[in-house]
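Visitor: Please find one structure pasted underneath; my questions will follow.
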Number of protein chains: 2
Amino acid sequence: MQNLPIFKLMIKVSILGAGNVGYHLHAVLKNIEDVQIVQWYNRTNAPLEEYAGKTSTTNQLSELKEADIYLISVSDDTIESLSLQLGERNGVVAHTAGSVALSVLKTHKNHGVFYPLQTFSTQKSVDFANIPLCLEANKPEGLALLEQLAVKMGGPTHLIDSEQRKALHIAAVFVNNFTNHLYAIGESICQEHLVPFAVLQPLIAETADKIKSLSPLDAQTGPALRNDRNTLDNHLSLLTQEAQKKLYTSLTKSIQQLHEK
Amino acid sequence: MQNLPIFKLMIKVSILGAGNVGYHLHAVLKNIEDVQIVQWYNRTNAPLEEYAGKTSTTNQLSELKEADIYLISVSDDTIESLSLQLGERNGVVAHTAGSVALSVLKTHKNHGVFYPLQTFSTQKSVDFANIPLCLEANKPEGLALLEQLAVKMGGPTHLIDSEQRKALHIAAVFVNNFTNHLYAIGESICQEHLVPFAVLQPLIAETADKIKSLSPLDAQTGPALRNDRNTLDNHLSLLTQEAQKKLYTSLTKSIQQLHEK
């Protein structure tokens, strides 16, 4: 049995999965000089077709070659079954999921997590220099190797255990998925009143920027915080959609509860 | 009775109120060459004390001099009563509030609204080049004057009527106040699990940035959208605070309702 080397000049990586995360991992890794993409696997060939010739692609796990790191970027509930099909590997078998424990990969002697905490759409390119990579591994050598890869990608790295990562994933749902939904409601209100949504974008940008220097607890403003009943009632009477009224009420209550403490 | 000039080389402005908005209006206007701050009024003298000598300040409405524009930046429910104490004025009497109708100023022959759609904290400086100014007035000459002032401040200007402005203000509550509350919940989850909140900041920035090029409807991702019951149940069981569980449930429902349509 080989040990993992502590430091690799050239890191050989295989990417498993061609969804949003796999797509962006491929896009960044193929441009890093001392990273070699050994293979890009996907269950079906279609998403990989345009890369054939540029990257070694496959839809057969039996054809997987040796790599230093196998990055599994498939849907959460298929990570484990896919990893079991990899057979015995010397490299680090790592998944990229926020809410899946390290232990689902425990059949591999070197296993880890390589979780980029960011929102990915294939329609929009991302800059990995701004993406925190949350790392975890069962052995220090594996962790060191994942960290080397992360550092080459240029962003901040964090050692985050499985329990912390789950919490981060929930927090990410609040600050990303739920926040985006509030943007969608803002857009819908604008459309209803023939106001361009662009009018709100500087406010959205400043709201996000403010908390870099101010805790969101201190940055809170608005009628809910002031318990300005006139404005609150007025807003509720002007909202035309029941779902928006409900959210308005529950978010107002939640702000007031948090700040009454 | 004088008519308002269509174009003024030098605009004389009085600011009424020294809260967040008044403070930032003063900060930007005092540095614009062809704007003269005639006076800065506040009900109490204390907030103005450090500016005495640099700006003409007063806490007596009876001492108000003539100006081209009077910007009333006081709390929503005192705008009308303050405006009634101004007496007859040739200049445009305008308030800066999102949710107050133009008509509360109707006793003035020239009245308007000069609403900067942004979140202000005295702790953080703002760049008016990024602040949309939503304008409304009862006469074209008044509107032209407000627009000249807005253009000098450097940001985008929009003609927005009272009904639209109310809608915008509600939308702003969703994308600013409520979004900031979601950030506060994210921070609280991080603190509970000893993860630095900074790990989430690139995600927050990207979420806000994404909707410049993508409608938030198309940018929506996450377990609620996918109706990923495993992750949703898992998240709910991991949240320790009842208020957070409730919000998680209502926001998840709201996302699913919006996207089932």
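We name chains A, B, ... following the order of the structure tokens; residues begin at 1 in each chain, and ligands are numbered from 1 as shown.
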Could you fit chain A onto chain B by least squares over every C-alpha atom, paired in order, and give me the moved chain as an mmCIF file with C-alpha atoms, in the first residue's frame?
Guide:
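This is the output file selection18.cif:
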data_model
loop_
_atom_site.group_PDB
_atom_site.id
_atom_site.type_symbol
_atom_site.label_atom_id
_atom_site.label_comp_id
_atom_site.auth_asym_id
_atom_site.auth_seq_id
_atom_site.Cartn_x
_atom_site.Cartn_y
_atom_site.Cartn_z
ATOM 1 C CA MET A 1 -45.781 85.270 -7.233
ATOM 2 C CA GLN A 2 -42.471 84.198 -8.737
ATOM 3 C CA ASN A 3 -42.101 81.334 -11.151
ATOM 4 C CA LEU A 4 -39.397 78.791 -10.607
ATOM 5 C CA PRO A 5 -36.523 79.180 -13.027
ATOM 6 C CA ILE A 6 -36.075 76.205 -15.365
ATOM 7 C CA PHE A 7 -32.346 76.041 -14.949
ATOM 8 C CA LYS A 8 -30.236 77.195 -12.038
ATOM 9 C CA LEU A 9 -26.447 77.534 -12.160
ATOM 10 C CA MET A 10 -26.262 77.409 -8.383
ATOM 11 C CA ILE A 11 -28.907 75.477 -6.434
ATOM 12 C CA LYS A 12 -29.605 76.644 -2.915
ATOM 13 C CA VAL A 13 -30.696 73.781 -0.691
ATOM 14 C CA SER A 14 -31.904 73.603 2.882
ATOM 15 C CA ILE A 15 -31.869 70.261 4.648
ATOM 16 C CA LEU A 16 -34.464 69.652 7.341
ATOM 17 C CA GLY A 17 -33.594 66.776 9.626
ATOM 18 C CA ALA A 18 -30.327 65.257 10.792
ATOM 19 C CA GLY A 19 -31.191 61.569 10.864
ATOM 20 C CA ASN A 20 -29.488 59.027 8.594
ATOM 21 C CA VAL A 21 -30.800 60.475 5.337
ATOM 22 C CA GLY A 22 -30.283 64.114 6.333
ATOM 23 C CA TYR A 23 -26.768 63.305 7.479
ATOM 24 C CA HIS A 24 -25.803 61.669 4.184
ATOM 25 C CA LEU A 25 -27.529 64.354 2.087
ATOM 26 C CA HIS A 26 -25.501 66.979 3.903
ATOM 27 C CA ALA A 27 -22.316 64.947 3.426
ATOM 28 C CA VAL A 28 -22.749 64.732 -0.336
ATOM 29 C CA LEU A 29 -24.260 68.166 -1.033
ATOM 30 C CA LYS A 30 -21.614 70.133 0.848
ATOM 31 C CA ASN A 31 -19.014 68.853 -1.609
ATOM 32 C CA ILE A 32 -20.853 69.771 -4.798
ATOM 33 C CA GLU A 33 -19.500 73.011 -6.168
ATOM 34 C CA ASP A 34 -22.690 74.490 -7.567
ATOM 35 C CA VAL A 35 -24.873 73.494 -4.661
ATOM 36 C CA GLN A 36 -25.085 75.819 -1.703
ATOM 37 C CA ILE A 37 -26.396 74.466 1.586
ATOM 38 C CA VAL A 38 -28.333 77.456 2.853
ATOM 39 C CA GLN A 39 -29.204 75.896 6.191
ATOM 40 C CA TRP A 40 -29.383 72.629 8.038
ATOM 41 C CA TYR A 41 -32.306 72.458 10.436
ATOM 42 C CA ASN A 42 -32.914 69.937 13.167
ATOM 43 C CA ARG A 43 -35.482 69.997 15.973
ATOM 44 C CA THR A 44 -32.694 69.627 18.505
ATOM 45 C CA ASN A 45 -29.288 71.233 18.195
ATOM 46 C CA ALA A 46 -27.149 68.335 19.406
ATOM 47 C CA PRO A 47 -26.704 66.402 16.133
ATOM 48 C CA LEU A 48 -25.721 69.629 14.338
ATOM 49 C CA GLU A 49 -23.225 70.923 16.870
ATOM 50 C CA GLU A 50 -20.131 69.517 15.238
ATOM 51 C CA TYR A 51 -21.076 71.247 11.956
ATOM 52 C CA ALA A 52 -21.624 74.699 13.445
ATOM 53 C CA GLY A 53 -19.211 77.094 11.770
ATOM 54 C CA LYS A 54 -18.956 74.935 8.646
ATOM 55 C CA THR A 55 -22.661 74.891 7.787
ATOM 56 C CA SER A 56 -25.377 77.315 8.815
ATOM 57 C CA THR A 57 -27.392 75.296 11.304
ATOM 58 C CA THR A 58 -30.591 76.063 13.193
ATOM 59 C CA ASN A 59 -33.195 74.458 15.413
ATOM 60 C CA GLN A 60 -35.758 77.207 14.782
ATOM 61 C CA LEU A 61 -38.082 76.866 11.785
ATOM 62 C CA SER A 62 -38.850 80.576 12.160
ATOM 63 C CA GLU A 63 -35.239 81.271 11.160
ATOM 64 C CA LEU A 64 -35.435 79.412 7.837
ATOM 65 C CA LYS A 65 -34.108 81.473 4.944
ATOM 66 C CA GLU A 66 -35.129 81.302 1.308
ATOM 67 C CA ALA A 67 -33.849 78.297 -0.658
ATOM 68 C CA ASP A 68 -34.553 76.741 -4.051
ATOM 69 C CA ILE A 69 -35.188 73.341 -2.525
ATOM 70 C CA TYR A 70 -36.152 72.327 1.001
ATOM 71 C CA LEU A 71 -35.375 68.665 1.604
ATOM 72 C CA ILE A 72 -37.452 67.303 4.477
ATOM 73 C CA SER A 73 -35.736 64.243 5.945
ATOM 74 C CA VAL A 74 -37.614 63.618 9.146
ATOM 75 C CA SER A 75 -39.571 60.583 10.306
ATOM 76 C CA ASP A 76 -42.514 59.710 8.062
ATOM 77 C CA ASP A 77 -45.229 60.777 10.475
ATOM 78 C CA THR A 78 -43.777 64.223 11.176
ATOM 79 C CA ILE A 79 -43.208 65.281 7.536
ATOM 80 C CA GLU A 80 -46.635 66.846 7.148
ATOM 81 C CA SER A 81 -46.671 68.790 10.414
ATOM 82 C CA LEU A 82 -43.149 70.086 9.813
ATOM 83 C CA SER A 83 -44.040 71.172 6.288
ATOM 84 C CA LEU A 84 -47.037 73.124 7.607
ATOM 85 C CA GLN A 85 -44.696 75.129 9.822
ATOM 86 C CA LEU A 86 -42.587 76.265 6.874
ATOM 87 C CA GLY A 87 -45.057 78.927 5.826
ATOM 88 C CA GLU A 88 -45.303 80.078 2.237
ATOM 89 C CA ARG A 89 -42.223 79.281 0.188
ATOM 90 C CA ASN A 90 -41.236 79.884 -3.435
ATOM 91 C CA GLY A 91 -38.811 76.976 -3.522
ATOM 92 C CA VAL A 92 -39.720 73.335 -3.907
ATOM 93 C CA VAL A 93 -40.638 71.709 -0.613
ATOM 94 C CA ALA A 94 -39.738 68.028 -1.033
ATOM 95 C CA HIS A 95 -39.604 65.072 1.302
ATOM 96 C CA THR A 96 -37.233 62.130 1.001
ATOM 97 C CA ALA A 97 -39.493 59.301 2.202
ATOM 98 C CA GLY A 98 -40.346 56.136 0.285
ATOM 99 C CA SER A 99 -43.757 55.496 1.723
ATOM 100 C CA VAL A 100 -45.221 58.989 2.075
ATOM 101 C CA ALA A 101 -47.408 60.397 -0.705
ATOM 102 C CA LEU A 102 -46.522 63.585 -2.541
ATOM 103 C CA SER A 103 -49.886 64.997 -1.489
ATOM 104 C CA VAL A 104 -48.974 65.458 2.189
ATOM 105 C CA LEU A 105 -47.024 68.526 1.000
ATOM 106 C CA LYS A 106 -49.869 69.912 -1.108
ATOM 107 C CA THR A 107 -50.214 73.155 0.854
ATOM 108 C CA HIS A 108 -46.974 74.250 -0.838
ATOM 109 C CA LYS A 109 -47.338 75.646 -4.323
ATOM 110 C CA ASN A 110 -44.181 73.794 -5.367
ATOM 111 C CA HIS A 111 -43.866 70.415 -3.757
ATOM 112 C CA GLY A 112 -42.078 67.231 -4.623
ATOM 113 C CA VAL A 113 -40.396 64.028 -3.557
ATOM 114 C CA PHE A 114 -36.663 63.370 -3.617
ATOM 115 C CA TYR A 115 -36.366 59.754 -2.509
ATOM 116 C CA PRO A 116 -32.923 58.175 -2.456
ATOM 117 C CA LEU A 117 -33.547 54.435 -2.723
ATOM 118 C CA GLN A 118 -30.747 53.192 -0.530
ATOM 119 C CA THR A 119 -30.028 51.968 2.959
ATOM 120 C CA PHE A 120 -28.260 54.479 5.137
ATOM 121 C CA SER A 121 -26.318 54.036 8.352
ATOM 122 C CA THR A 122 -24.394 56.919 9.841
ATOM 123 C CA GLN A 123 -21.590 54.385 10.504
ATOM 124 C CA LYS A 124 -20.969 53.724 6.807
ATOM 125 C CA SER A 125 -20.362 56.271 4.057
ATOM 126 C CA VAL A 126 -22.341 55.869 0.854
ATOM 127 C CA ASP A 127 -21.556 56.771 -2.729
ATOM 128 C CA PHE A 128 -24.460 58.681 -4.248
ATOM 129 C CA ALA A 129 -23.245 57.695 -7.716
ATOM 130 C CA ASN A 130 -24.821 54.314 -6.896
ATOM 131 C CA ILE A 131 -28.049 55.644 -5.432
ATOM 132 C CA PRO A 132 -31.123 55.893 -7.631
ATOM 133 C CA LEU A 133 -33.057 59.077 -6.901
ATOM 134 C CA CYS A 134 -36.804 58.661 -7.335
ATOM 135 C CA LEU A 135 -38.355 62.005 -8.197
ATOM 136 C CA GLU A 136 -41.873 63.377 -8.282
ATOM 137 C CA ALA A 137 -43.274 66.915 -8.240
ATOM 138 C CA ASN A 138 -46.563 68.732 -8.719
ATOM 139 C CA LYS A 139 -45.161 70.972 -11.482
ATOM 140 C CA PRO A 140 -42.726 70.382 -14.356
ATOM 141 C CA GLU A 141 -40.511 73.279 -13.198
ATOM 142 C CA GLY A 142 -40.211 71.767 -9.743
ATOM 143 C CA LEU A 143 -39.433 68.391 -11.214
ATOM 144 C CA ALA A 144 -36.752 69.942 -13.438
ATOM 145 C CA LEU A 145 -35.123 71.571 -10.437
ATOM 146 C CA LEU A 146 -35.136 68.354 -8.375
ATOM 147 C CA GLU A 147 -33.703 66.528 -11.373
ATOM 148 C CA GLN A 148 -30.870 69.068 -11.692
ATOM 149 C CA LEU A 149 -29.971 68.526 -8.075
ATOM 150 C CA ALA A 150 -30.167 64.743 -8.513
ATOM 151 C CA VAL A 151 -27.941 64.824 -11.600
ATOM 152 C CA LYS A 152 -25.331 66.880 -9.732
ATOM 153 C CA MET A 153 -25.252 64.129 -7.108
ATOM 154 C CA GLY A 154 -24.159 61.727 -9.832
ATOM 155 C CA GLY A 155 -26.588 58.806 -9.537
ATOM 156 C CA PRO A 156 -29.356 57.515 -11.794
ATOM 157 C CA THR A 157 -32.666 59.370 -11.617
ATOM 158 C CA HIS A 158 -36.153 57.950 -12.087
ATOM 159 C CA LEU A 159 -39.541 59.585 -12.353
ATOM 160 C CA ILE A 160 -41.655 57.551 -9.970
ATOM 161 C CA ASP A 161 -45.181 58.486 -8.916
ATOM 162 C CA SER A 162 -46.462 58.121 -5.355
ATOM 163 C CA GLU A 163 -48.177 54.799 -5.972
ATOM 164 C CA GLN A 164 -45.073 53.321 -7.630
ATOM 165 C CA ARG A 165 -42.886 54.680 -4.866
ATOM 166 C CA LYS A 166 -44.973 52.942 -2.218
ATOM 167 C CA ALA A 167 -44.616 49.683 -4.125
ATOM 168 C CA LEU A 168 -40.858 50.256 -4.438
ATOM 169 C CA HIS A 169 -40.659 50.878 -0.727
ATOM 170 C CA ILE A 170 -42.346 47.533 -0.019
ATOM 171 C CA ALA A 171 -40.043 45.805 -2.501
ATOM 172 C CA ALA A 172 -37.112 47.506 -0.761
ATOM 173 C CA VAL A 173 -38.249 46.048 2.565
ATOM 174 C CA PHE A 174 -38.055 42.578 1.011
ATOM 175 C CA VAL A 175 -34.671 42.985 -0.705
ATOM 176 C CA ASN A 176 -33.034 45.043 2.048
ATOM 177 C CA ASN A 177 -34.583 44.703 5.538
ATOM 178 C CA PHE A 178 -35.727 41.104 5.153
ATOM 179 C CA THR A 179 -32.589 40.049 3.302
ATOM 180 C CA ASN A 180 -30.445 41.572 6.025
ATOM 181 C CA HIS A 181 -32.437 39.553 8.552
ATOM 182 C CA LEU A 182 -31.589 36.367 6.627
ATOM 183 C CA TYR A 183 -27.935 37.412 6.829
ATOM 184 C CA ALA A 184 -28.372 37.783 10.594
ATOM 185 C CA ILE A 185 -29.749 34.249 10.784
ATOM 186 C CA GLY A 186 -26.805 32.996 8.718
ATOM 187 C CA GLU A 187 -24.442 34.738 11.119
ATOM 188 C CA SER A 188 -26.200 33.258 14.132
ATOM 189 C CA ILE A 189 -25.978 29.700 12.693
ATOM 190 C CA CYS A 190 -22.264 30.236 12.021
ATOM 191 C CA GLN A 191 -21.659 31.492 15.551
ATOM 192 C CA GLU A 192 -23.503 28.531 17.032
ATOM 193 C CA HIS A 193 -21.176 26.160 15.149
ATOM 194 C CA LEU A 194 -17.960 28.168 15.577
ATOM 195 C CA VAL A 195 -17.610 28.906 11.868
ATOM 196 C CA PRO A 196 -16.461 32.417 10.897
ATOM 197 C CA PHE A 197 -19.312 34.338 9.210
ATOM 198 C CA ALA A 198 -16.739 35.558 6.663
ATOM 199 C CA VAL A 199 -16.947 32.121 5.006
ATOM 200 C CA LEU A 200 -20.442 33.093 3.821
ATOM 201 C CA GLN A 201 -19.607 36.556 2.530
ATOM 202 C CA PRO A 202 -18.460 35.591 -0.979
ATOM 203 C CA LEU A 203 -21.722 33.659 -1.381
ATOM 204 C CA ILE A 204 -23.714 36.673 -0.216
ATOM 205 C CA ALA A 205 -21.850 38.909 -2.671
ATOM 206 C CA GLU A 206 -22.323 36.507 -5.579
ATOM 207 C CA THR A 207 -26.034 36.044 -4.811
ATOM 208 C CA ALA A 208 -26.484 39.811 -5.012
ATOM 209 C CA ASP A 209 -24.298 40.104 -8.098
ATOM 210 C CA LYS A 210 -25.935 37.289 -10.038
ATOM 211 C CA ILE A 211 -29.241 39.067 -10.457
ATOM 212 C CA LYS A 212 -27.606 41.880 -12.392
ATOM 213 C CA SER A 213 -27.406 39.492 -15.328
ATOM 214 C CA LEU A 214 -30.040 36.882 -14.437
ATOM 215 C CA SER A 215 -33.618 37.319 -13.269
ATOM 216 C CA PRO A 216 -33.922 36.042 -9.679
ATOM 217 C CA LEU A 217 -36.621 33.711 -10.985
ATOM 218 C CA ASP A 218 -34.025 31.982 -13.170
ATOM 219 C CA ALA A 219 -31.276 32.260 -10.550
ATOM 220 C CA GLN A 220 -33.235 30.270 -7.952
ATOM 221 C CA THR A 221 -31.472 27.106 -6.771
ATOM 222 C CA GLY A 222 -31.538 24.959 -3.655
ATOM 223 C CA PRO A 223 -33.397 22.169 -1.897
ATOM 224 C CA ALA A 224 -36.723 24.041 -1.797
ATOM 225 C CA LEU A 225 -36.765 24.469 -5.583
ATOM 226 C CA ARG A 226 -35.736 20.840 -6.140
ATOM 227 C CA ASN A 227 -38.200 19.730 -3.435
ATOM 228 C CA ASP A 228 -35.361 17.655 -2.005
ATOM 229 C CA ARG A 229 -37.257 16.253 1.005
ATOM 230 C CA ASN A 230 -34.224 14.576 2.551
ATOM 231 C CA THR A 231 -32.250 17.801 2.748
ATOM 232 C CA LEU A 232 -35.275 19.864 3.784
ATOM 233 C CA ASP A 233 -36.113 17.493 6.670
ATOM 234 C CA ASN A 234 -32.478 17.259 7.615
ATOM 235 C CA HIS A 235 -32.118 21.040 7.765
ATOM 236 C CA LEU A 236 -35.273 21.421 9.834
ATOM 237 C CA SER A 237 -34.068 18.838 12.329
ATOM 238 C CA LEU A 238 -30.696 20.559 12.667
ATOM 239 C CA LEU A 239 -32.054 24.075 13.262
ATOM 240 C CA THR A 240 -32.154 24.649 17.006
ATOM 241 C CA GLN A 241 -34.238 27.825 17.163
ATOM 242 C CA GLU A 242 -37.981 27.680 16.712
ATOM 243 C CA ALA A 243 -38.120 31.041 14.900
ATOM 244 C CA GLN A 244 -35.541 29.841 12.383
ATOM 245 C CA LYS A 245 -37.466 26.601 11.762
ATOM 246 C CA LYS A 246 -40.638 28.589 11.118
ATOM 247 C CA LEU A 247 -38.935 30.901 8.644
ATOM 248 C CA TYR A 248 -37.230 27.982 6.936
ATOM 249 C CA THR A 249 -40.631 26.357 6.419
ATOM 250 C CA SER A 250 -42.439 29.461 5.217
ATOM 251 C CA LEU A 251 -39.677 30.506 2.812
ATOM 252 C CA THR A 252 -39.455 26.967 1.431
ATOM 253 C CA LYS A 253 -43.226 26.928 0.859
ATOM 254 C CA SER A 254 -43.115 30.327 -0.779
ATOM 255 C CA ILE A 255 -40.362 29.264 -3.205
ATOM 256 C CA GLN A 256 -42.307 26.138 -4.109
ATOM 257 C CA GLN A 257 -45.539 28.059 -4.642
ATOM 258 C CA LEU A 258 -43.842 30.634 -6.864
ATOM 259 C CA HIS A 259 -42.172 28.014 -9.017
ATOM 260 C CA GLU A 260 -45.161 25.679 -9.323
ATOM 261 C CA LYS A 261 -47.073 28.361 -11.202
#
Visitor: Would you please extract all helix (DSSP H, G or I) residues from segment 8-244 of chain B, as assigned by DSSP on the backbone, and give them as a compact mmCIF listing (two decimals) with C-alpha atoms, in the first residue's frame?
Guide:
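The result, stored in result-v9.txt:
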# COMPACT_ATOMS: atom_id res chain seq x y z
CA ASN B 20 -29.46 59.02 8.57
CA VAL B 21 -30.79 60.46 5.32
CA GLY B 22 -30.28 64.10 6.31
CA TYR B 23 -26.76 63.30 7.46
CA HIS B 24 -25.79 61.67 4.15
CA LEU B 25 -27.52 64.35 2.05
CA HIS B 26 -25.49 66.97 3.89
CA ALA B 27 -22.30 64.95 3.41
CA VAL B 28 -22.74 64.74 -0.36
CA LEU B 29 -24.25 68.17 -1.05
CA ALA B 46 -27.14 68.28 19.42
CA PRO B 47 -26.69 66.34 16.11
CA LEU B 48 -25.70 69.57 14.34
CA GLU B 49 -23.21 70.84 16.88
CA GLU B 50 -20.11 69.45 15.25
CA TYR B 51 -21.05 71.18 11.96
CA LEU B 61 -38.07 76.79 11.82
CA SER B 62 -38.84 80.51 12.20
CA GLU B 63 -35.24 81.24 11.19
CA ASP B 76 -42.50 59.67 8.03
CA ASP B 77 -45.21 60.74 10.45
CA THR B 78 -43.76 64.18 11.16
CA ILE B 79 -43.20 65.26 7.53
CA GLU B 80 -46.63 66.80 7.15
CA SER B 81 -46.67 68.74 10.42
CA LEU B 82 -43.13 70.05 9.81
CA SER B 83 -44.05 71.12 6.28
CA LEU B 84 -47.03 73.07 7.62
CA LEU B 102 -46.53 63.59 -2.54
CA SER B 103 -49.89 65.00 -1.49
CA VAL B 104 -48.96 65.44 2.18
CA LEU B 105 -47.01 68.50 1.00
CA PHE B 128 -24.45 58.70 -4.28
CA ALA B 129 -23.23 57.71 -7.74
CA ASN B 130 -24.81 54.33 -6.92
CA PRO B 140 -42.73 70.40 -14.35
CA GLU B 141 -40.52 73.30 -13.20
CA GLY B 142 -40.22 71.78 -9.74
CA LEU B 143 -39.44 68.40 -11.22
CA ALA B 144 -36.76 69.96 -13.45
CA LEU B 145 -35.14 71.58 -10.44
CA LEU B 146 -35.15 68.37 -8.40
CA GLU B 147 -33.72 66.54 -11.39
CA GLN B 148 -30.89 69.08 -11.72
CA LEU B 149 -29.98 68.53 -8.09
CA ALA B 150 -30.17 64.75 -8.53
CA VAL B 151 -27.95 64.83 -11.62
CA LYS B 152 -25.35 66.90 -9.76
CA MET B 153 -25.26 64.13 -7.14
CA SER B 162 -46.46 58.11 -5.39
CA GLU B 163 -48.17 54.81 -6.01
CA GLN B 164 -45.07 53.34 -7.66
CA ARG B 165 -42.88 54.68 -4.90
CA LYS B 166 -44.98 52.96 -2.25
CA ALA B 167 -44.61 49.70 -4.16
CA LEU B 168 -40.86 50.28 -4.47
CA HIS B 169 -40.67 50.89 -0.75
CA ILE B 170 -42.35 47.55 -0.05
CA ALA B 171 -40.04 45.83 -2.52
CA ALA B 172 -37.11 47.52 -0.78
CA VAL B 173 -38.25 46.07 2.55
CA PHE B 174 -38.05 42.60 0.99
CA VAL B 175 -34.66 43.00 -0.70
CA ASN B 176 -33.04 45.05 2.06
CA ASN B 177 -34.60 44.73 5.53
CA PHE B 178 -35.74 41.12 5.14
CA THR B 179 -32.59 40.08 3.30
CA ASN B 180 -30.45 41.60 6.02
CA HIS B 181 -32.45 39.58 8.55
CA LEU B 182 -31.60 36.41 6.63
CA TYR B 183 -27.94 37.44 6.84
CA ALA B 184 -28.39 37.82 10.61
CA ILE B 185 -29.77 34.29 10.80
CA GLY B 186 -26.81 33.05 8.74
CA GLU B 187 -24.45 34.76 11.14
CA SER B 188 -26.22 33.30 14.14
CA ILE B 189 -26.00 29.75 12.71
CA CYS B 190 -22.29 30.28 12.04
CA GLN B 191 -21.69 31.53 15.57
CA GLU B 192 -23.52 28.56 17.06
CA PHE B 197 -19.33 34.36 9.24
CA ALA B 198 -16.74 35.58 6.70
CA VAL B 199 -16.96 32.15 5.04
CA LEU B 200 -20.45 33.12 3.84
CA GLN B 201 -19.60 36.57 2.55
CA PRO B 202 -18.46 35.61 -0.96
CA LEU B 203 -21.72 33.67 -1.36
CA ILE B 204 -23.72 36.68 -0.19
CA ALA B 205 -21.85 38.92 -2.65
CA GLU B 206 -22.31 36.51 -5.56
CA THR B 207 -26.03 36.05 -4.80
CA ALA B 208 -26.49 39.82 -5.01
CA ASP B 209 -24.28 40.10 -8.08
CA LYS B 210 -25.91 37.30 -10.02
CA PRO B 216 -33.92 36.05 -9.67
CA LEU B 217 -36.62 33.72 -10.98
CA ASP B 218 -34.01 31.99 -13.16
CA ALA B 219 -31.26 32.27 -10.54
CA PRO B 223 -33.39 22.19 -1.87
CA ALA B 224 -36.73 24.08 -1.79
CA LEU B 225 -36.75 24.48 -5.57
CA ARG B 226 -35.71 20.86 -6.11
CA ARG B 229 -37.26 16.28 1.02
CA ASN B 230 -34.22 14.60 2.58
CA THR B 231 -32.25 17.83 2.77
CA LEU B 232 -35.28 19.89 3.80
CA ASP B 233 -36.12 17.52 6.69
CA ASN B 234 -32.48 17.29 7.64
CA HIS B 235 -32.12 21.07 7.78
CA LEU B 236 -35.29 21.46 9.84
CA SER B 237 -34.09 18.87 12.33
CA LEU B 238 -30.72 20.61 12.68
CA GLU B 242 -38.01 27.72 16.71
CA ALA B 243 -38.13 31.08 14.90
CA GLN B 244 -35.55 29.88 12.38
Visitor: DSSP on the backbone, strand (DSSP E) only: what residues of segment 31-259 of chain A does that give? Format it as a PyMOL selection string.
Guide: chain A and resi 35-41+57-58+69-72+92-95+111-116+133-137+157-159
